[in-house]
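All remarks here apply to the structure that follows.
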Amino acid sequence: MFHPPRCPFVDCDRHRHPEPSFYTRHGYYRAQCRAHPIPRFRCRACERTFSRQTFHSSYRDQKPHLNSSVLNLLCSGIGFRQTARVLKLTPNNLVAKARKISRHVARLDQNLKDRVALLDEAAPSVAPLELQMDEFETYESRRNTRPISIPVVIDPVSRFRFAAIPAPIRPRGTMTIARIAAIAEEERRYGPRQDLSAEACIAAFQAAADTRPAASTVIVGTDCKTTYPGFIAKVFSGRKVYHQQTASVRSRGAGTPLFAINHTEAILRDHVGRLRRNSWLVSKKQQYLDLHLRLINGFRNWLRPRFNTDTRTPAQIAGFATRPLKMAELLGWRQDWAALSPSPFTPICALH
Ligand SMILES: [Zn+2]
C-alpha cells in the first residue's frame with residue numbers, strides 16, 4: 001500500500017512538514033501503459049490532488065516501459081540514433097527521454113552521495129579517502145577547434161566514481177594551416193575559447209572531499225602535471241594528504257600505479273559512444289556530454305557490480321551501500337527534492 005510521504009507541491013507547507021494524515025484518498029485512475037489502477041490523493045492543506053505516479057521518476061512519461069532499455073543502451077556504447085531505431089522511438093523522443101532519465105540518475109547519485117556524507121560526519125570512518133585522478137580529452141562538435149578535457153576522480157579500490165566533469169580547453173597540439181584558419185575563424189565569431197579545466201579539476205576533487213567530509217587522511221594518485229599539487233592543497237586543506245605522482249609516459253598496463261584510473265577511462269571511452277575515438281558519435285554540446293557522464297557514473301556506482309567477476313557494486317565495496325540497487329529502484333522515486341527525495345534503499349512502497 002502506497003502512503004504519500006509528503007505533499008508533492010514544493011510551495012505547500014506539507015511538502016517540508018508532512019503530518020501523518022495530511023492527505024485523503026481521492027479515487028483511482030487507469031493509465032494505458034499500466035495494468036493496475038493508480039491511486040489518487042488530495043492534500044488537506046493546499047487541496048490539490050496528486051497520484052502515486054507523481055512521486056515516480058517516470059511521471060508524465062510516454063512509454064515508461066522503455067526507460068530501462070534506454071538507460072542500458074546508452075551505457076553500452078550505442079549512439080542515440082541507433083538506440084532510437086532499436087526501440088522504435090523517433091530521435092527527438094529518444095533525446096527527450098535520455099535527458100530526463102540522465103537528469104534523474106544524476107540527482108539520485110548526488111542525493112545518495114549527500115546521504116553518505118551525512119553518515120560520515122555523524123560516525124567518522126578511520127579509513128583514509130583514497131583517490132586517483134586523471135584528465136582525458138574529447139571535443140564538442142569540431143575536433144579541430146573545440147577540445148574538451150574531462151577530469152575523472154575515482155576510488156582506485158572500489159572504482160567508485162566521484163566525478164567526471166567536462167570543461168572546454170583551448171586548441172593545442174599539431175597545427176596545420178587549415179586548423180589555424182579554422183581556429184581563427186571560430187575566434188572571430190565567438191571570441192577566444194575559454195579554458196575552464198582548472199575549475200573542473202578542483203570541482204572533481206571537491207566532489208570526493210564532500211562525500212567523505214570527516215576523512216582526515218587523503219591518499220591521491222595523479223600524473224606529474226604541475227598544477228595538481230595546488231588544486232589538492234586547496235581542496236583538502238586541513239587534512240593529512242599523501243600525493244603520489246607517477247610520470248604518465250610509463251607503461252599503463254595492469255599493476256602500474258595509475259592502472260585503476262586508466263582502466264576507468266578506457267571503460268568510459270568504450271561505454272559512452274560519443275567518447276570513442278574516430279567515431280560518428282560526437283557530442284554537439286558539452287552540457288549533454290556532462291549529462292551522459294552523470295548517467296553512466298550513477299549506473300556504475302550503485303547498480304552494476306565493479307567487475308564481471310564481482311557481486312558487489314563500487315558503492316558497496318566503498319562502504320556507501322549495503323546492497324546493489326535494482327533497475328526499478330534506480331529509475332524509481334523522483335529525486336528532484338534533494339534530501340527530501342525518497343531514498344531507493346528504504347522504499348516508501350513496492351515499485352511498479
Ligand atoms: Zn499540499
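In the C-alpha cells, chains take the letters A, B, ... in the order shown, each chain's residues start at 1, and ligands count up from 1 in the order shown.
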
Contact table chain A vs ligand 1, cut-off 12 Å, shortest pair per residue, only C-alpha atoms and all ligand atoms, as CSV:
```
residue,atom,partner,partner_atom_place_in_ligand_line,distance
A:Pro4,CA,ligand 1,1 (Zn),11.1
A:Pro5,CA,ligand 1,1 (Zn),11.5
A:Arg6,CA,ligand 1,1 (Zn),8.0
A:Cys7,CA,ligand 1,1 (Zn),4.6
A:Pro8,CA,ligand 1,1 (Zn),6.9
A:Phe9,CA,ligand 1,1 (Zn),5.8
A:Val10,CA,ligand 1,1 (Zn),8.0
A:Asp11,CA,ligand 1,1 (Zn),7.8
A:Cys12,CA,ligand 1,1 (Zn),4.6
A:Asp13,CA,ligand 1,1 (Zn),6.6
A:Arg14,CA,ligand 1,1 (Zn),5.3
A:His15,CA,ligand 1,1 (Zn),6.5
A:Arg16,CA,ligand 1,1 (Zn),9.8
A:His17,CA,ligand 1,1 (Zn),10.1
A:Pro18,CA,ligand 1,1 (Zn),8.8
A:Glu19,CA,ligand 1,1 (Zn),10.9
A:Ser21,CA,ligand 1,1 (Zn),11.7
A:Phe22,CA,ligand 1,1 (Zn),8.0
A:Tyr23,CA,ligand 1,1 (Zn),8.1
A:Thr24,CA,ligand 1,1 (Zn),11.1
A:Phe41,CA,ligand 1,1 (Zn),10.2
A:Arg42,CA,ligand 1,1 (Zn),7.8
A:Cys43,CA,ligand 1,1 (Zn),4.6
A:Arg44,CA,ligand 1,1 (Zn),6.7
A:Ala45,CA,ligand 1,1 (Zn),5.1
A:Cys46,CA,ligand 1,1 (Zn),4.2
A:Glu47,CA,ligand 1,1 (Zn),6.3
A:Arg48,CA,ligand 1,1 (Zn),6.2
A:Thr49,CA,ligand 1,1 (Zn),8.2
A:Phe50,CA,ligand 1,1 (Zn),9.3
```

Shell of 10 Å around stretch 217-233 of chain A, only C-alpha atoms, local chain residues under 4 positions omitted, as a short mmCIF file (atom, residue, chain, number, x, y, z; two decimals) with C-alpha atoms, in the first residue's frame:
```cif
data_model
loop_
_atom_site.label_atom_id
_atom_site.label_comp_id
_atom_site.auth_asym_id
_atom_site.auth_seq_id
_atom_site.Cartn_x
_atom_site.Cartn_y
_atom_site.Cartn_z
CA VAL A 126 39.00 5.82 10.19
CA ALA A 127 39.56 4.62 6.61
CA PRO A 128 41.55 7.13 4.54
CA LEU A 129 39.97 8.70 1.48
CA GLU A 130 41.89 7.06 -1.37
CA LEU A 131 41.67 8.67 -4.80
CA GLN A 132 43.10 8.57 -8.30
CA MET A 133 42.61 11.41 -10.74
CA ASP A 134 43.39 11.93 -14.40
CA GLU A 135 42.18 14.08 -17.28
CA VAL A 153 38.21 11.23 -9.82
CA ILE A 154 37.71 7.66 -8.54
CA ASP A 155 38.42 5.44 -5.55
CA PRO A 156 41.03 3.09 -7.07
CA ALA A 198 41.40 24.11 -13.61
CA GLU A 199 37.89 24.82 -12.26
CA CYS A 201 39.72 19.63 -11.72
CA ILE A 202 39.02 21.44 -8.45
CA ALA A 203 35.27 20.61 -8.67
CA PHE A 205 38.36 16.75 -6.23
CA GLN A 206 35.73 18.68 -4.27
CA ALA A 209 36.04 15.72 -0.46
CA ARG A 212 33.83 11.96 2.85
CA SER A 237 43.37 21.86 3.32
CA GLY A 238 43.36 20.82 6.98
CA ARG A 239 43.64 17.12 6.13
CA LYS A 240 46.74 14.94 6.01
CA VAL A 241 47.48 14.44 2.30
CA TYR A 242 49.80 11.92 0.66
CA HIS A 243 50.17 12.79 -3.02
CA GLN A 244 51.87 10.21 -5.23
CA GLN A 245 52.77 11.43 -8.73
CA THR A 246 53.61 8.97 -11.50
CA ALA A 247 55.02 10.00 -14.89
CA SER A 248 52.34 9.32 -17.48
CA VAL A 249 54.88 8.13 -20.05
CA ARG A 250 55.32 4.97 -18.00
CA PRO A 257 50.32 2.75 -10.11
CA LEU A 258 47.64 4.54 -12.14
CA ILE A 261 42.10 5.40 -13.37
#
```

Write out as a VMD selection string all residues of stretch 148-220 of chain A that backbone DSSP assigns to helix (DSSP H, G or I). chain A and resid 177 to 190 197 to 211

Excluding A:Pro305 and its own-chain neighbours fewer than 5 positions away, which residues fall within 10 Å of it when counting only C-alpha atoms? Please give them as a ChimeraX atom specification. /A:158,299-300,310-317,324

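Neighbouring residues of stretch 138-143 of chain A at 10 Å or closer, counting only C-alpha atoms and skipping chain neighbours under 5 positions away, are Ile148, Ser149, Ile150, Pro166, Ala167, Pro168, Ile169, Pro171, Arg179, Ala182, Arg269, Arg274, Leu275, Arg276, Arg277, Leu281, Val282, Ser283, Lys284, Lys285, Gln286, Gln287, Tyr288 and Leu289 of chain A.
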
For those residues, write N, CA and C atoms to a file as a compact mmCIF listing (two decimals), in the first residue's frame.
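And here is the file that came out, part_26.txt:
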```
# COMPACT_ATOMS: atom_id res chain seq x y z
N ILE A 148 37.78 19.40 -25.37
CA ILE A 148 37.23 19.34 -24.02
C ILE A 148 38.15 18.45 -23.18
N SER A 149 38.36 18.84 -21.94
CA SER A 149 39.11 17.99 -21.02
C SER A 149 38.15 17.48 -19.95
N ILE A 150 38.30 16.20 -19.57
CA ILE A 150 37.40 15.62 -18.56
C ILE A 150 38.23 15.09 -17.40
N PRO A 166 33.29 17.49 -17.65
CA PRO A 166 33.88 18.05 -18.87
C PRO A 166 34.00 19.57 -18.80
N ALA A 167 35.09 20.08 -19.37
CA ALA A 167 35.31 21.52 -19.39
C ALA A 167 36.00 21.89 -20.70
N PRO A 168 35.69 23.08 -21.27
CA PRO A 168 36.37 23.49 -22.50
C PRO A 168 37.85 23.78 -22.24
N ILE A 169 38.70 23.45 -23.21
CA ILE A 169 40.11 23.88 -23.17
C ILE A 169 40.45 24.49 -24.53
N PRO A 171 42.42 24.97 -28.07
CA PRO A 171 43.02 24.01 -29.01
C PRO A 171 44.53 23.97 -28.84
N ARG A 179 43.97 24.11 -39.84
CA ARG A 179 43.49 24.17 -38.46
C ARG A 179 43.63 25.58 -37.90
N ALA A 182 40.87 27.59 -39.18
CA ALA A 182 39.59 27.25 -38.55
C ALA A 182 39.49 27.86 -37.16
N ARG A 269 35.45 5.33 -22.40
CA ARG A 269 35.52 5.50 -23.86
C ARG A 269 34.74 4.41 -24.58
N ARG A 274 29.91 8.45 -27.53
CA ARG A 274 30.40 9.75 -28.02
C ARG A 274 31.82 10.05 -27.58
N LEU A 275 32.41 9.23 -26.69
CA LEU A 275 33.80 9.42 -26.29
C LEU A 275 34.76 8.59 -27.12
N ARG A 276 34.20 7.69 -27.97
CA ARG A 276 35.06 6.81 -28.75
C ARG A 276 35.85 7.63 -29.77
N ARG A 277 37.08 7.19 -30.02
CA ARG A 277 37.88 7.92 -31.00
C ARG A 277 37.46 7.52 -32.41
N LEU A 281 29.86 9.25 -33.65
CA LEU A 281 29.12 9.74 -32.49
C LEU A 281 29.89 10.89 -31.87
N VAL A 282 29.33 12.07 -31.93
CA VAL A 282 30.03 13.27 -31.47
C VAL A 282 29.11 14.03 -30.53
N SER A 283 29.66 14.56 -29.45
CA SER A 283 28.87 15.45 -28.60
C SER A 283 28.74 16.78 -29.32
N LYS A 284 27.49 17.24 -29.51
CA LYS A 284 27.34 18.57 -30.09
C LYS A 284 27.62 19.62 -29.03
N LYS A 285 27.18 19.35 -27.81
CA LYS A 285 27.37 20.33 -26.75
C LYS A 285 27.91 19.67 -25.49
N GLN A 286 28.81 20.38 -24.84
CA GLN A 286 29.43 19.87 -23.62
C GLN A 286 28.40 19.55 -22.54
N GLN A 287 27.34 20.33 -22.43
CA GLN A 287 26.38 20.11 -21.34
C GLN A 287 25.71 18.74 -21.44
N TYR A 288 25.53 18.23 -22.69
CA TYR A 288 24.88 16.92 -22.82
C TYR A 288 25.88 15.78 -22.64
N LEU A 289 27.15 16.05 -22.96
CA LEU A 289 28.19 15.09 -22.60
C LEU A 289 28.23 14.96 -21.07
```
